[in-house]
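Coordinates as given in input_37.txt (compact mmCIF, N, CA and C atoms):
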```txt
# COMPACT_ATOMS: atom_id res chain seq x y z
N GLN T 4 49.51 60.40 25.98
CA GLN T 4 49.56 59.51 24.83
C GLN T 4 48.49 58.44 25.02
N ALA T 5 47.73 58.17 23.96
CA ALA T 5 46.65 57.21 24.03
C ALA T 5 47.20 55.79 24.10
N GLN T 6 46.56 54.96 24.89
CA GLN T 6 46.91 53.54 24.98
C GLN T 6 45.67 52.72 24.69
N LEU T 7 45.83 51.68 23.90
CA LEU T 7 44.72 50.86 23.44
C LEU T 7 45.04 49.39 23.63
N GLU T 8 44.06 48.61 24.04
CA GLU T 8 44.25 47.17 24.21
C GLU T 8 43.00 46.44 23.76
N GLU T 9 43.15 45.59 22.74
CA GLU T 9 42.03 44.83 22.21
C GLU T 9 41.84 43.51 22.96
N SER T 10 40.60 43.02 22.91
CA SER T 10 40.28 41.69 23.45
C SER T 10 39.04 41.19 22.73
N GLY T 11 38.75 39.90 22.90
CA GLY T 11 37.52 39.33 22.36
C GLY T 11 37.69 38.51 21.11
N GLY T 12 38.91 38.45 20.57
CA GLY T 12 39.11 37.62 19.39
C GLY T 12 39.00 36.15 19.72
N GLY T 13 38.97 35.32 18.69
CA GLY T 13 38.89 33.88 18.90
C GLY T 13 38.58 33.17 17.62
N SER T 14 38.20 31.90 17.75
CA SER T 14 37.88 31.07 16.60
C SER T 14 36.40 30.74 16.62
N VAL T 15 35.74 30.94 15.49
CA VAL T 15 34.32 30.64 15.37
C VAL T 15 34.07 30.00 14.01
N GLN T 16 32.93 29.36 13.89
CA GLN T 16 32.52 28.82 12.60
C GLN T 16 31.79 29.90 11.80
N ALA T 17 31.79 29.71 10.50
CA ALA T 17 31.09 30.64 9.62
C ALA T 17 29.63 30.78 10.07
N GLY T 18 29.16 32.02 10.05
CA GLY T 18 27.82 32.30 10.51
C GLY T 18 27.74 32.71 11.96
N GLY T 19 28.82 32.52 12.68
CA GLY T 19 28.86 32.85 14.09
C GLY T 19 29.12 34.33 14.35
N SER T 20 29.23 34.68 15.63
CA SER T 20 29.41 36.07 16.04
C SER T 20 30.55 36.19 17.04
N LEU T 21 31.14 37.35 17.06
CA LEU T 21 32.14 37.72 18.06
C LEU T 21 31.97 39.20 18.36
N ARG T 22 32.33 39.61 19.57
CA ARG T 22 32.37 41.02 19.90
C ARG T 22 33.78 41.37 20.37
N LEU T 23 34.41 42.25 19.64
CA LEU T 23 35.72 42.75 20.02
C LEU T 23 35.56 43.98 20.90
N SER T 24 36.46 44.11 21.86
CA SER T 24 36.50 45.27 22.72
C SER T 24 37.88 45.91 22.64
N CYS T 25 37.92 47.21 22.84
CA CYS T 25 39.18 47.94 22.86
C CYS T 25 39.13 48.87 24.07
N ALA T 26 39.92 48.54 25.08
CA ALA T 26 40.01 49.38 26.26
C ALA T 26 40.99 50.51 25.97
N ALA T 27 40.51 51.74 26.12
CA ALA T 27 41.31 52.91 25.77
C ALA T 27 41.56 53.77 26.99
N SER T 28 42.67 54.47 26.97
CA SER T 28 42.93 55.42 28.04
C SER T 28 41.99 56.60 27.90
N ALA T 29 41.78 57.31 29.00
CA ALA T 29 40.88 58.45 28.97
C ALA T 29 41.36 59.52 28.01
N TYR T 30 42.63 59.47 27.64
CA TYR T 30 43.20 60.42 26.70
C TYR T 30 42.46 60.42 25.38
N THR T 31 41.76 59.30 25.04
CA THR T 31 41.09 59.19 23.75
C THR T 31 39.69 59.80 23.73
N LEU T 32 39.25 60.32 24.84
CA LEU T 32 37.93 60.96 24.86
C LEU T 32 37.93 62.10 23.86
N GLY T 33 36.93 62.09 22.97
CA GLY T 33 36.88 63.12 21.93
C GLY T 33 37.65 62.75 20.67
N TYR T 34 38.29 61.62 20.67
CA TYR T 34 39.05 61.16 19.52
C TYR T 34 38.16 60.41 18.52
N CYS T 35 38.61 60.34 17.30
CA CYS T 35 38.07 59.42 16.31
C CYS T 35 38.67 58.05 16.59
N MET T 36 37.85 57.00 16.50
CA MET T 36 38.35 55.66 16.75
C MET T 36 37.90 54.73 15.63
N GLY T 37 38.71 53.72 15.37
CA GLY T 37 38.39 52.82 14.28
C GLY T 37 38.91 51.42 14.50
N TRP T 38 38.41 50.52 13.67
CA TRP T 38 38.88 49.14 13.63
C TRP T 38 39.49 48.87 12.26
N PHE T 39 40.60 48.19 12.27
CA PHE T 39 41.28 47.77 11.07
C PHE T 39 41.54 46.26 11.16
N ARG T 40 41.86 45.65 10.04
CA ARG T 40 42.25 44.25 10.05
C ARG T 40 43.35 44.01 9.02
N GLN T 41 44.11 42.95 9.29
CA GLN T 41 45.23 42.66 8.41
C GLN T 41 45.45 41.17 8.33
N VAL T 42 45.63 40.70 7.11
CA VAL T 42 45.98 39.32 6.82
C VAL T 42 47.46 39.29 6.47
N PRO T 43 48.20 38.29 6.92
CA PRO T 43 49.63 38.24 6.60
C PRO T 43 49.89 38.40 5.11
N GLY T 44 50.84 39.28 4.79
CA GLY T 44 51.20 39.50 3.40
C GLY T 44 50.35 40.54 2.69
N GLU T 45 49.35 41.06 3.40
CA GLU T 45 48.50 42.07 2.79
C GLU T 45 48.52 43.36 3.60
N GLU T 46 48.04 44.44 3.00
CA GLU T 46 48.00 45.71 3.70
C GLU T 46 46.88 45.73 4.73
N ARG T 47 47.08 46.56 5.75
CA ARG T 47 46.04 46.74 6.75
C ARG T 47 44.88 47.50 6.12
N GLU T 48 43.66 47.02 6.34
CA GLU T 48 42.50 47.66 5.74
C GLU T 48 41.55 48.20 6.80
N GLY T 49 40.92 49.31 6.50
CA GLY T 49 39.94 49.88 7.41
C GLY T 49 38.66 49.07 7.40
N VAL T 50 38.11 48.86 8.57
CA VAL T 50 36.87 48.12 8.71
C VAL T 50 35.72 49.05 9.06
N ALA T 51 35.93 49.89 10.05
CA ALA T 51 34.87 50.81 10.50
C ALA T 51 35.48 51.91 11.33
N ALA T 52 34.78 53.04 11.39
CA ALA T 52 35.22 54.16 12.22
C ALA T 52 34.00 54.79 12.88
N VAL T 53 34.24 55.45 14.01
CA VAL T 53 33.16 56.10 14.75
C VAL T 53 33.67 57.43 15.30
N GLY T 54 32.81 58.44 15.22
CA GLY T 54 33.16 59.75 15.74
C GLY T 54 33.08 59.79 17.26
N PRO T 55 33.51 60.91 17.83
CA PRO T 55 33.58 61.02 19.30
C PRO T 55 32.26 60.79 20.02
N GLY T 56 31.16 61.23 19.41
CA GLY T 56 29.86 61.07 20.05
C GLY T 56 29.19 59.75 19.78
N GLY T 57 29.76 58.96 18.88
CA GLY T 57 29.21 57.65 18.58
C GLY T 57 28.15 57.64 17.50
N ARG T 58 27.76 58.81 17.01
CA ARG T 58 26.68 58.84 16.01
C ARG T 58 27.18 58.68 14.59
N ASN T 59 28.30 59.26 14.27
CA ASN T 59 28.84 59.15 12.92
C ASN T 59 29.65 57.87 12.80
N THR T 60 29.23 56.99 11.89
CA THR T 60 29.93 55.73 11.68
C THR T 60 30.10 55.48 10.19
N TYR T 61 31.15 54.76 9.83
CA TYR T 61 31.38 54.40 8.43
C TYR T 61 31.94 52.99 8.41
N TYR T 62 31.47 52.21 7.43
CA TYR T 62 31.87 50.81 7.33
C TYR T 62 32.43 50.50 5.96
N ALA T 63 33.37 49.59 5.93
CA ALA T 63 33.81 49.04 4.66
C ALA T 63 32.65 48.27 4.05
N GLY T 64 32.58 48.28 2.74
CA GLY T 64 31.48 47.61 2.06
C GLY T 64 31.38 46.13 2.38
N SER T 65 32.52 45.50 2.61
CA SER T 65 32.55 44.06 2.85
C SER T 65 31.94 43.66 4.20
N VAL T 66 31.79 44.63 5.12
CA VAL T 66 31.26 44.30 6.45
C VAL T 66 29.95 45.01 6.75
N LYS T 67 29.56 45.94 5.90
CA LYS T 67 28.35 46.72 6.16
C LYS T 67 27.14 45.81 6.25
N GLY T 68 26.35 46.01 7.29
CA GLY T 68 25.19 45.16 7.52
C GLY T 68 25.47 43.96 8.40
N ARG T 69 26.75 43.65 8.60
CA ARG T 69 27.13 42.50 9.44
C ARG T 69 27.87 42.95 10.71
N PHE T 70 28.64 44.01 10.61
CA PHE T 70 29.43 44.51 11.74
C PHE T 70 28.82 45.82 12.25
N THR T 71 28.96 46.05 13.55
CA THR T 71 28.51 47.29 14.16
C THR T 71 29.60 47.83 15.08
N ILE T 72 30.01 49.07 14.81
CA ILE T 72 30.99 49.72 15.67
C ILE T 72 30.25 50.62 16.66
N SER T 73 30.72 50.65 17.89
CA SER T 73 30.11 51.50 18.90
C SER T 73 31.16 51.83 19.95
N ARG T 74 30.86 52.84 20.74
CA ARG T 74 31.78 53.23 21.80
C ARG T 74 30.99 53.62 23.04
N ASP T 75 31.57 53.31 24.19
CA ASP T 75 31.01 53.70 25.47
C ASP T 75 32.03 54.65 26.10
N ASN T 76 31.78 55.94 25.98
CA ASN T 76 32.76 56.91 26.45
C ASN T 76 32.89 56.90 27.97
N ALA T 77 31.83 56.50 28.66
CA ALA T 77 31.91 56.43 30.12
C ALA T 77 32.89 55.34 30.56
N LYS T 78 33.04 54.32 29.72
CA LYS T 78 33.95 53.21 30.03
C LYS T 78 35.23 53.28 29.22
N ASN T 79 35.36 54.30 28.39
CA ASN T 79 36.55 54.42 27.52
C ASN T 79 36.78 53.14 26.73
N THR T 80 35.71 52.62 26.15
CA THR T 80 35.80 51.34 25.45
C THR T 80 35.14 51.44 24.08
N LEU T 81 35.83 50.87 23.10
CA LEU T 81 35.34 50.77 21.73
C LEU T 81 34.96 49.32 21.48
N TYR T 82 33.89 49.12 20.71
CA TYR T 82 33.42 47.76 20.42
C TYR T 82 33.29 47.53 18.92
N LEU T 83 33.36 46.27 18.54
CA LEU T 83 33.01 45.87 17.18
C LEU T 83 32.23 44.57 17.29
N GLN T 84 30.92 44.67 17.09
CA GLN T 84 30.07 43.49 17.07
C GLN T 84 30.10 42.91 15.67
N MET T 85 30.50 41.67 15.56
CA MET T 85 30.65 41.02 14.26
C MET T 85 29.69 39.84 14.18
N ASN T 86 28.74 39.93 13.27
CA ASN T 86 27.75 38.87 13.07
C ASN T 86 27.91 38.27 11.68
N SER T 87 27.32 37.12 11.48
CA SER T 87 27.37 36.43 10.17
C SER T 87 28.79 36.37 9.65
N LEU T 88 29.69 35.96 10.50
CA LEU T 88 31.10 35.94 10.12
C LEU T 88 31.36 34.96 8.98
N GLU T 89 32.30 35.35 8.15
CA GLU T 89 32.69 34.56 6.98
C GLU T 89 34.18 34.23 7.07
N PRO T 90 34.61 33.15 6.42
CA PRO T 90 36.05 32.82 6.46
C PRO T 90 36.93 33.99 5.99
N GLU T 91 36.38 34.82 5.09
CA GLU T 91 37.14 35.97 4.58
C GLU T 91 37.35 37.04 5.65
N ASP T 92 36.66 36.95 6.76
CA ASP T 92 36.86 37.88 7.87
C ASP T 92 38.05 37.50 8.74
N THR T 93 38.65 36.35 8.49
CA THR T 93 39.80 35.92 9.26
C THR T 93 40.95 36.90 9.10
N ALA T 94 41.43 37.43 10.22
CA ALA T 94 42.49 38.45 10.20
C ALA T 94 42.88 38.81 11.62
N MET T 95 43.96 39.56 11.74
CA MET T 95 44.28 40.23 13.00
C MET T 95 43.53 41.56 12.99
N TYR T 96 42.78 41.81 14.04
CA TYR T 96 42.00 43.04 14.15
C TYR T 96 42.66 44.01 15.11
N TYR T 97 42.75 45.26 14.66
CA TYR T 97 43.41 46.30 15.43
C TYR T 97 42.45 47.45 15.73
N CYS T 98 42.59 47.98 16.91
CA CYS T 98 41.88 49.18 17.33
C CYS T 98 42.83 50.37 17.11
N ALA T 99 42.28 51.50 16.69
CA ALA T 99 43.10 52.67 16.43
C ALA T 99 42.38 53.93 16.88
N ALA T 100 43.16 54.97 17.17
CA ALA T 100 42.58 56.24 17.62
C ALA T 100 43.45 57.40 17.17
N ASP T 101 42.80 58.54 17.00
CA ASP T 101 43.54 59.76 16.71
C ASP T 101 42.62 60.95 16.92
N ARG T 102 43.20 62.10 16.92
CA ARG T 102 42.42 63.31 17.12
C ARG T 102 41.34 63.41 16.05
N TYR T 103 40.20 63.94 16.45
CA TYR T 103 39.06 64.03 15.55
C TYR T 103 39.35 64.97 14.38
N THR T 104 38.90 64.56 13.18
CA THR T 104 38.84 65.43 12.02
C THR T 104 37.45 65.25 11.40
N PRO T 105 37.01 66.16 10.56
CA PRO T 105 35.68 66.02 9.94
C PRO T 105 35.54 64.77 9.08
N ARG T 106 36.66 64.12 8.74
CA ARG T 106 36.57 62.90 7.92
C ARG T 106 36.11 61.70 8.75
N CYS T 107 36.18 61.81 10.05
CA CYS T 107 35.89 60.68 10.93
C CYS T 107 34.44 60.26 10.82
N GLY T 108 34.22 58.98 10.51
CA GLY T 108 32.87 58.46 10.40
C GLY T 108 32.16 58.87 9.13
N VAL T 109 32.93 59.51 8.22
CA VAL T 109 32.35 59.97 6.95
C VAL T 109 32.96 59.22 5.77
N ILE T 110 34.22 58.85 5.92
CA ILE T 110 34.91 58.09 4.87
C ILE T 110 35.48 56.82 5.48
N LEU T 111 35.89 55.90 4.65
CA LEU T 111 36.54 54.67 5.12
C LEU T 111 37.81 55.05 5.87
N PRO T 112 38.00 54.55 7.08
CA PRO T 112 39.20 54.93 7.83
C PRO T 112 40.47 54.49 7.10
N ARG T 113 41.46 55.37 7.14
CA ARG T 113 42.74 55.11 6.50
C ARG T 113 43.82 54.96 7.55
N GLU T 114 44.69 54.00 7.34
CA GLU T 114 45.74 53.71 8.32
C GLU T 114 46.56 54.95 8.62
N ALA T 115 46.84 55.76 7.62
CA ALA T 115 47.70 56.93 7.80
C ALA T 115 47.06 58.00 8.68
N ASP T 116 45.76 57.92 8.89
CA ASP T 116 45.07 58.94 9.67
C ASP T 116 45.04 58.63 11.17
N PHE T 117 45.61 57.50 11.58
CA PHE T 117 45.57 57.09 12.98
C PHE T 117 46.98 56.92 13.53
N ALA T 118 47.25 57.59 14.64
CA ALA T 118 48.58 57.55 15.23
C ALA T 118 48.72 56.51 16.33
N TYR T 119 47.60 56.14 16.95
CA TYR T 119 47.66 55.25 18.11
C TYR T 119 47.01 53.92 17.77
N TRP T 120 47.71 52.83 18.16
CA TRP T 120 47.27 51.49 17.77
C TRP T 120 47.40 50.52 18.94
N GLY T 121 46.48 49.56 18.97
CA GLY T 121 46.62 48.45 19.89
C GLY T 121 47.50 47.37 19.29
N GLN T 122 47.67 46.27 20.04
CA GLN T 122 48.53 45.18 19.60
C GLN T 122 47.80 44.19 18.71
N GLY T 123 46.50 44.23 18.70
CA GLY T 123 45.73 43.36 17.83
C GLY T 123 45.17 42.15 18.54
N THR T 124 44.09 41.62 17.99
CA THR T 124 43.47 40.39 18.48
C THR T 124 43.07 39.56 17.27
N GLN T 125 43.39 38.27 17.31
CA GLN T 125 43.18 37.40 16.15
C GLN T 125 41.74 36.91 16.09
N VAL T 126 41.18 36.98 14.89
CA VAL T 126 39.86 36.41 14.61
C VAL T 126 40.03 35.37 13.52
N THR T 127 39.58 34.16 13.79
CA THR T 127 39.66 33.07 12.82
C THR T 127 38.28 32.49 12.61
N VAL T 128 37.84 32.47 11.35
CA VAL T 128 36.52 31.96 11.01
C VAL T 128 36.70 30.75 10.11
N SER T 129 36.19 29.62 10.54
CA SER T 129 36.33 28.38 9.77
C SER T 129 35.03 28.08 9.03
N SER T 130 35.19 27.44 7.88
CA SER T 130 34.01 27.12 7.05
C SER T 130 33.39 25.80 7.45
```

How does this structure look as structure tokens?
Amino acid sequence: QAQLEESGGGSVQAGGSLRLSCAASAYTLGYCMGWFRQVPGEEREGVAAVGPGGRNTYYAGSVKGRFTISRDNAKNTLYLQMNSLEPEDTAMYYCAADRYTPRCGVILPREADFAYWGQGTQVTVSS
């Protein structure tokens, strides 16, 4: 069973940067991995996804050009580099993983497509 643990969240001012990390068990090698975020009272939304080899990536329109998803399979770690942060990016960010399907990195990641989740890390962006 895959295990995931996020880190790297924090508080920054608008325009700043953060890099989130997700330490994954070796069980996730070859899996599709993604980042999601959730604001209290709202549904969890997909932010980005990456295929097993790291080449196929897909981003939500609201973060495209500002966020970069990547993975280091040798370290079993998923990353989300977040630049030009905006107050609207404030949310709990979650790492997710599941067995690869051809949809991975081709469409916006959907919560229902991921079985394994981390506990989340809070990102707060002040104006």

Nearby residues, (40.6, 63.3, 19.0) file frame, 12 Å, only C-alpha atoms, as a PDB file with N, CA and C atoms, in the coordinates of the input:
```pdb
ATOM      1  N   GLN T   4      49.510  60.400  25.980  1.00  0.00           N
ATOM      2  CA  GLN T   4      49.560  59.510  24.830  1.00  0.00           C
ATOM      3  C   GLN T   4      48.490  58.440  25.020  1.00  0.00           C
ATOM      4  N   ALA T   5      47.730  58.170  23.960  1.00  0.00           N
ATOM      5  CA  ALA T   5      46.650  57.210  24.030  1.00  0.00           C
ATOM      6  C   ALA T   5      47.200  55.790  24.100  1.00  0.00           C
ATOM      7  N   ALA T  29      41.780  57.310  29.000  1.00  0.00           N
ATOM      8  CA  ALA T  29      40.880  58.450  28.970  1.00  0.00           C
ATOM      9  C   ALA T  29      41.360  59.520  28.010  1.00  0.00           C
ATOM     10  N   TYR T  30      42.630  59.470  27.640  1.00  0.00           N
ATOM     11  CA  TYR T  30      43.200  60.420  26.700  1.00  0.00           C
ATOM     12  C   TYR T  30      42.460  60.420  25.380  1.00  0.00           C
ATOM     13  N   THR T  31      41.760  59.300  25.040  1.00  0.00           N
ATOM     14  CA  THR T  31      41.090  59.190  23.750  1.00  0.00           C
ATOM     15  C   THR T  31      39.690  59.800  23.730  1.00  0.00           C
ATOM     16  N   LEU T  32      39.250  60.320  24.840  1.00  0.00           N
ATOM     17  CA  LEU T  32      37.930  60.960  24.860  1.00  0.00           C
ATOM     18  C   LEU T  32      37.930  62.100  23.860  1.00  0.00           C
ATOM     19  N   GLY T  33      36.930  62.090  22.970  1.00  0.00           N
ATOM     20  CA  GLY T  33      36.880  63.120  21.930  1.00  0.00           C
ATOM     21  C   GLY T  33      37.650  62.750  20.670  1.00  0.00           C
ATOM     22  N   TYR T  34      38.290  61.620  20.670  1.00  0.00           N
ATOM     23  CA  TYR T  34      39.050  61.160  19.520  1.00  0.00           C
ATOM     24  C   TYR T  34      38.160  60.410  18.520  1.00  0.00           C
ATOM     25  N   CYS T  35      38.610  60.340  17.300  1.00  0.00           N
ATOM     26  CA  CYS T  35      38.070  59.420  16.310  1.00  0.00           C
ATOM     27  C   CYS T  35      38.670  58.050  16.590  1.00  0.00           C
ATOM     28  N   MET T  36      37.850  57.000  16.500  1.00  0.00           N
ATOM     29  CA  MET T  36      38.350  55.660  16.750  1.00  0.00           C
ATOM     30  C   MET T  36      37.900  54.730  15.630  1.00  0.00           C
ATOM     31  N   GLY T  37      38.710  53.720  15.370  1.00  0.00           N
ATOM     32  CA  GLY T  37      38.390  52.820  14.280  1.00  0.00           C
ATOM     33  C   GLY T  37      38.910  51.420  14.500  1.00  0.00           C
ATOM     34  N   VAL T  53      34.240  55.450  14.010  1.00  0.00           N
ATOM     35  CA  VAL T  53      33.160  56.100  14.750  1.00  0.00           C
ATOM     36  C   VAL T  53      33.670  57.430  15.300  1.00  0.00           C
ATOM     37  N   GLY T  54      32.810  58.440  15.220  1.00  0.00           N
ATOM     38  CA  GLY T  54      33.160  59.750  15.740  1.00  0.00           C
ATOM     39  C   GLY T  54      33.080  59.790  17.260  1.00  0.00           C
ATOM     40  N   PRO T  55      33.510  60.910  17.830  1.00  0.00           N
ATOM     41  CA  PRO T  55      33.580  61.020  19.300  1.00  0.00           C
ATOM     42  C   PRO T  55      32.260  60.790  20.020  1.00  0.00           C
ATOM     43  N   GLY T  56      31.160  61.230  19.410  1.00  0.00           N
ATOM     44  CA  GLY T  56      29.860  61.070  20.050  1.00  0.00           C
ATOM     45  C   GLY T  56      29.190  59.750  19.780  1.00  0.00           C
ATOM     46  N   ALA T  99      42.280  51.500  16.690  1.00  0.00           N
ATOM     47  CA  ALA T  99      43.100  52.670  16.430  1.00  0.00           C
ATOM     48  C   ALA T  99      42.380  53.930  16.880  1.00  0.00           C
ATOM     49  N   ALA T 100      43.160  54.970  17.170  1.00  0.00           N
ATOM     50  CA  ALA T 100      42.580  56.240  17.620  1.00  0.00           C
ATOM     51  C   ALA T 100      43.450  57.400  17.170  1.00  0.00           C
ATOM     52  N   ASP T 101      42.800  58.540  17.000  1.00  0.00           N
ATOM     53  CA  ASP T 101      43.540  59.760  16.710  1.00  0.00           C
ATOM     54  C   ASP T 101      42.620  60.950  16.920  1.00  0.00           C
ATOM     55  N   ARG T 102      43.200  62.100  16.920  1.00  0.00           N
ATOM     56  CA  ARG T 102      42.420  63.310  17.120  1.00  0.00           C
ATOM     57  C   ARG T 102      41.340  63.410  16.050  1.00  0.00           C
ATOM     58  N   TYR T 103      40.200  63.940  16.450  1.00  0.00           N
ATOM     59  CA  TYR T 103      39.060  64.030  15.550  1.00  0.00           C
ATOM     60  C   TYR T 103      39.350  64.970  14.380  1.00  0.00           C
ATOM     61  N   THR T 104      38.900  64.560  13.180  1.00  0.00           N
ATOM     62  CA  THR T 104      38.840  65.430  12.020  1.00  0.00           C
ATOM     63  C   THR T 104      37.450  65.250  11.400  1.00  0.00           C
ATOM     64  N   PRO T 105      37.010  66.160  10.560  1.00  0.00           N
ATOM     65  CA  PRO T 105      35.680  66.020   9.940  1.00  0.00           C
ATOM     66  C   PRO T 105      35.540  64.770   9.080  1.00  0.00           C
ATOM     67  N   ARG T 106      36.660  64.120   8.740  1.00  0.00           N
ATOM     68  CA  ARG T 106      36.570  62.900   7.920  1.00  0.00           C
ATOM     69  C   ARG T 106      36.110  61.700   8.750  1.00  0.00           C
ATOM     70  N   CYS T 107      36.180  61.810  10.050  1.00  0.00           N
ATOM     71  CA  CYS T 107      35.890  60.680  10.930  1.00  0.00           C
ATOM     72  C   CYS T 107      34.440  60.260  10.820  1.00  0.00           C
ATOM     73  N   ASP T 116      45.760  57.920   8.890  1.00  0.00           N
ATOM     74  CA  ASP T 116      45.070  58.940   9.670  1.00  0.00           C
ATOM     75  C   ASP T 116      45.040  58.630  11.170  1.00  0.00           C
ATOM     76  N   PHE T 117      45.610  57.500  11.580  1.00  0.00           N
ATOM     77  CA  PHE T 117      45.570  57.090  12.980  1.00  0.00           C
ATOM     78  C   PHE T 117      46.980  56.920  13.530  1.00  0.00           C
ATOM     79  N   ALA T 118      47.250  57.590  14.640  1.00  0.00           N
ATOM     80  CA  ALA T 118      48.580  57.550  15.230  1.00  0.00           C
ATOM     81  C   ALA T 118      48.720  56.510  16.330  1.00  0.00           C
ATOM     82  N   TYR T 119      47.600  56.140  16.950  1.00  0.00           N
ATOM     83  CA  TYR T 119      47.660  55.250  18.110  1.00  0.00           C
ATOM     84  C   TYR T 119      47.010  53.920  17.770  1.00  0.00           C
TER      85      TYR T 119
END
```

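Between Met95 (chain T) and the residues T:Ser24, T:Asn79, T:Thr60, T:Thr124, the shortest atom-to-atom distance, using only C-alpha atoms, involves T:Thr124.
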
Quiz item: Pick from T:Leu88, T:Leu111, T:Leu7, T:Leu81: nearest to Val50 (chain T), with only N, CA and C atoms counted?
Solution: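 Ranking T:Leu88, T:Leu111, T:Leu7, T:Leu81 by distance to Val50 (chain T), first place goes to T:Leu111.
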
Exercise. Could you tell me, as a list in words, which residues of chain T DSSP assigns to helix (DSSP H, G or I) when given the backbone?
Key: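 Reading the DSSP output for chain T, helix (DSSP H, G or I) covers Ala29, Tyr30, Thr31, Pro90, Glu91, Asp92, Glu114, Ala115 and Asp116 of chain T.
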
Practice problem: Taking the DSSP assignment computed from this structure's backbone, write out as number ranges by chain all residues of chain T that belong to strand (DSSP E). | Solution: T: 7-10, 13-16, 21-27, 34-41, 48-53, 60-62, 70-75, 80-85, 94-102, 119-120, 124-129

Quiz prompt | Distance in Å - CA of Ile110 (chain T) versus atom N of Gly13 (chain T) | solution =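 Pair CA of Ile110 (chain T) / atom N of Gly13 (chain T) returns 26.9 Å.
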
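Distance check against Gln84 (chain T) using all atoms listed in the file: of T:Trp38, T:Tyr61, T:Phe70, T:Tyr97, the minimum falls on T:Phe70.
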